[in-house]
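Structure first, then comments.
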Amino acid sequence: MRFILYFFAFFILILSACDSSRPKKIGGNKKSLTGKWHRFSMANGYSEFDIDSQYVVFYNQKVGRFKLPYKIENDSLKYLTKDYVAKITDYGDSLLLEGNDSTQAVLHRFKEPYVPFKTIPEEKDSLSFASYIADFDKRLISELEKAGIKIFDGVEKREGPAYEELLKKKSANR
């Protein structure tokens, strides 16, 4: 009888330890944003973030590259050069940012072994930036496809029916 009671207590303890829906606190109340992050929204598209202890550097296909200094105050991210403050809820592999402008953003951490870039390059005319953009485009297309949006090359659409007609003519001649 005691064994069953201990088993249930241990089982409940294990289940509660595995619950990742609650926000996690890193180092007490201090939030850690450093790392590589990405997000996708229908309104803003796909963005990648490279965050160190002083700057948030992000790249988006609509607005390009931005580098903004920030600081953490209590549980909020505050840009030093913009009038933007966001409450941070840390879920470990993702962050929820609730901005003072009534916006919400969920940032997802890139998996550490597969970090797709070392940094977002500063020089837009460099070889490293061209390489970054090529890989960014692949990740962008992947995120769009996950959202149910299919990307087609305009050339394929025009040649598709013509190619099918050519096949029909060829099979009719046989």
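In the structure tokens, chains take letters A, B, ... by order of appearance, with residues numbered from 1 within each chain and ligands from 1 in the order shown.
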
Leaving out Arg109 (chain A) and any residue of its chain fewer than 3 positions from it, which residues lie within 12 Å of it when counting only C-alpha atoms, given as a PyMOL selection string? chain A and resi 32-39+48-51+90-96+106+112-116

Exercise: region 69-77 of chain A partners within 10 Å, only C-alpha atoms, chain neighbours under 3 positions left out, as a list in words: Lys25, Asn29, Lys30, Lys31, Ser32, Leu33, Ile51, Asp52, Ser53, Gln54, Tyr55, Val56, Val57, Leu80, Thr81, Lys82, Tyr84, Val85, Ala86, Lys87, Ile88, Thr89, Asp90, Leu97, Glu98 and Gly99 of chain A

Restrict the selected residues to N, CA and C atoms and save them as a tab-separated table (two decimals), in the first residue's frame.
chain	number	residue	atom	x	y	z
A	25	LYS	N	12.18	31.40	-15.14
A	25	LYS	CA	13.00	32.53	-14.71
A	25	LYS	C	14.46	32.10	-14.80
A	29	ASN	N	15.13	36.88	-11.26
A	29	ASN	CA	14.23	37.69	-12.09
A	29	ASN	C	14.90	38.21	-13.35
A	30	LYS	N	16.19	38.01	-13.49
A	30	LYS	CA	16.90	38.54	-14.65
A	30	LYS	C	16.60	37.70	-15.89
A	31	LYS	N	16.22	38.36	-16.97
A	31	LYS	CA	15.90	37.69	-18.22
A	31	LYS	C	17.13	37.63	-19.11
A	32	SER	N	17.28	36.53	-19.83
A	32	SER	CA	18.40	36.38	-20.75
A	32	SER	C	17.85	36.33	-22.17
A	33	LEU	N	18.23	37.30	-22.95
A	33	LEU	CA	17.79	37.36	-24.34
A	33	LEU	C	18.88	36.98	-25.31
A	51	ILE	N	20.94	38.67	-30.76
A	51	ILE	CA	20.92	39.51	-29.56
A	51	ILE	C	22.13	39.20	-28.70
A	52	ASP	N	22.90	40.26	-28.38
A	52	ASP	CA	23.99	40.10	-27.42
A	52	ASP	C	23.63	40.89	-26.17
A	53	SER	N	24.59	41.16	-25.32
A	53	SER	CA	24.29	41.83	-24.06
A	53	SER	C	23.98	43.32	-24.21
A	54	GLN	N	24.28	43.90	-25.39
A	54	GLN	CA	24.05	45.33	-25.58
A	54	GLN	C	23.11	45.68	-26.73
A	55	TYR	N	23.08	44.85	-27.78
A	55	TYR	CA	22.34	45.20	-28.98
A	55	TYR	C	21.39	44.10	-29.43
A	56	VAL	N	20.27	44.55	-30.00
A	56	VAL	CA	19.38	43.68	-30.75
A	56	VAL	C	19.62	44.01	-32.21
A	57	VAL	N	20.11	43.04	-32.96
A	57	VAL	CA	20.30	43.21	-34.40
A	57	VAL	C	19.27	42.32	-35.07
A	80	LEU	N	16.91	51.76	-26.13
A	80	LEU	CA	17.46	53.02	-25.64
A	80	LEU	C	17.26	54.17	-26.63
A	81	THR	N	17.08	53.88	-27.91
A	81	THR	CA	16.95	54.94	-28.91
A	81	THR	C	15.53	55.03	-29.48
A	82	LYS	N	14.63	54.19	-29.04
A	82	LYS	CA	13.24	54.20	-29.51
A	82	LYS	C	12.32	54.21	-28.30
A	84	TYR	N	10.05	52.31	-27.08
A	84	TYR	CA	9.43	50.98	-27.09
A	84	TYR	C	9.89	50.22	-25.86
A	85	VAL	N	8.92	49.69	-25.14
A	85	VAL	CA	9.18	48.83	-23.99
A	85	VAL	C	8.29	47.62	-24.14
A	86	ALA	N	8.82	46.43	-23.88
A	86	ALA	CA	8.04	45.21	-23.99
A	86	ALA	C	8.24	44.34	-22.76
A	87	LYS	N	7.14	43.85	-22.22
A	87	LYS	CA	7.20	42.90	-21.12
A	87	LYS	C	7.63	41.56	-21.69
A	88	ILE	N	8.58	40.91	-21.01
A	88	ILE	CA	9.13	39.64	-21.47
A	88	ILE	C	8.56	38.50	-20.65
A	89	THR	N	8.03	37.50	-21.35
A	89	THR	CA	7.66	36.24	-20.71
A	89	THR	C	8.53	35.17	-21.35
A	90	ASP	N	9.36	34.55	-20.54
A	90	ASP	CA	10.36	33.59	-21.02
A	90	ASP	C	9.82	32.18	-20.88
A	97	LEU	N	6.93	38.78	-26.21
A	97	LEU	CA	7.15	40.19	-25.96
A	97	LEU	C	5.83	40.92	-26.15
A	98	GLU	N	5.37	41.57	-25.09
A	98	GLU	CA	4.13	42.34	-25.14
A	98	GLU	C	4.50	43.81	-25.06
A	99	GLY	N	4.39	44.51	-26.20
A	99	GLY	CA	4.88	45.87	-26.31
A	99	GLY	C	3.94	46.92	-25.77

Å distance separating CA of Ser128 (chain A) from CA of Ile149 (chain A), one decimal place: 28.5 Å

From the set A:Glu122, A:Ser41, A:Glu145, A:Lys111, which residue has the shortest atom-to-atom contact distance to Lys67 (chain A), counting only C-alpha atoms?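 Under the stated criterion, the closest residue is A:Glu122.
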
Shell around Gly45 (chain A) at 10 Å using only C-alpha atoms, local window under 6 positions removed, as a ChimeraX atom specification: /A:39,60-62,140,143-144

Atomic distance CA of Pro121 (chain A) - CA of Ala105 (chain A), expressed in Å with one decimal: 23.6 Å

Distance of CA of Ala147 (chain A) from CA of Ala130 (chain A), expressed in Å to one decimal place: 25.7 Å
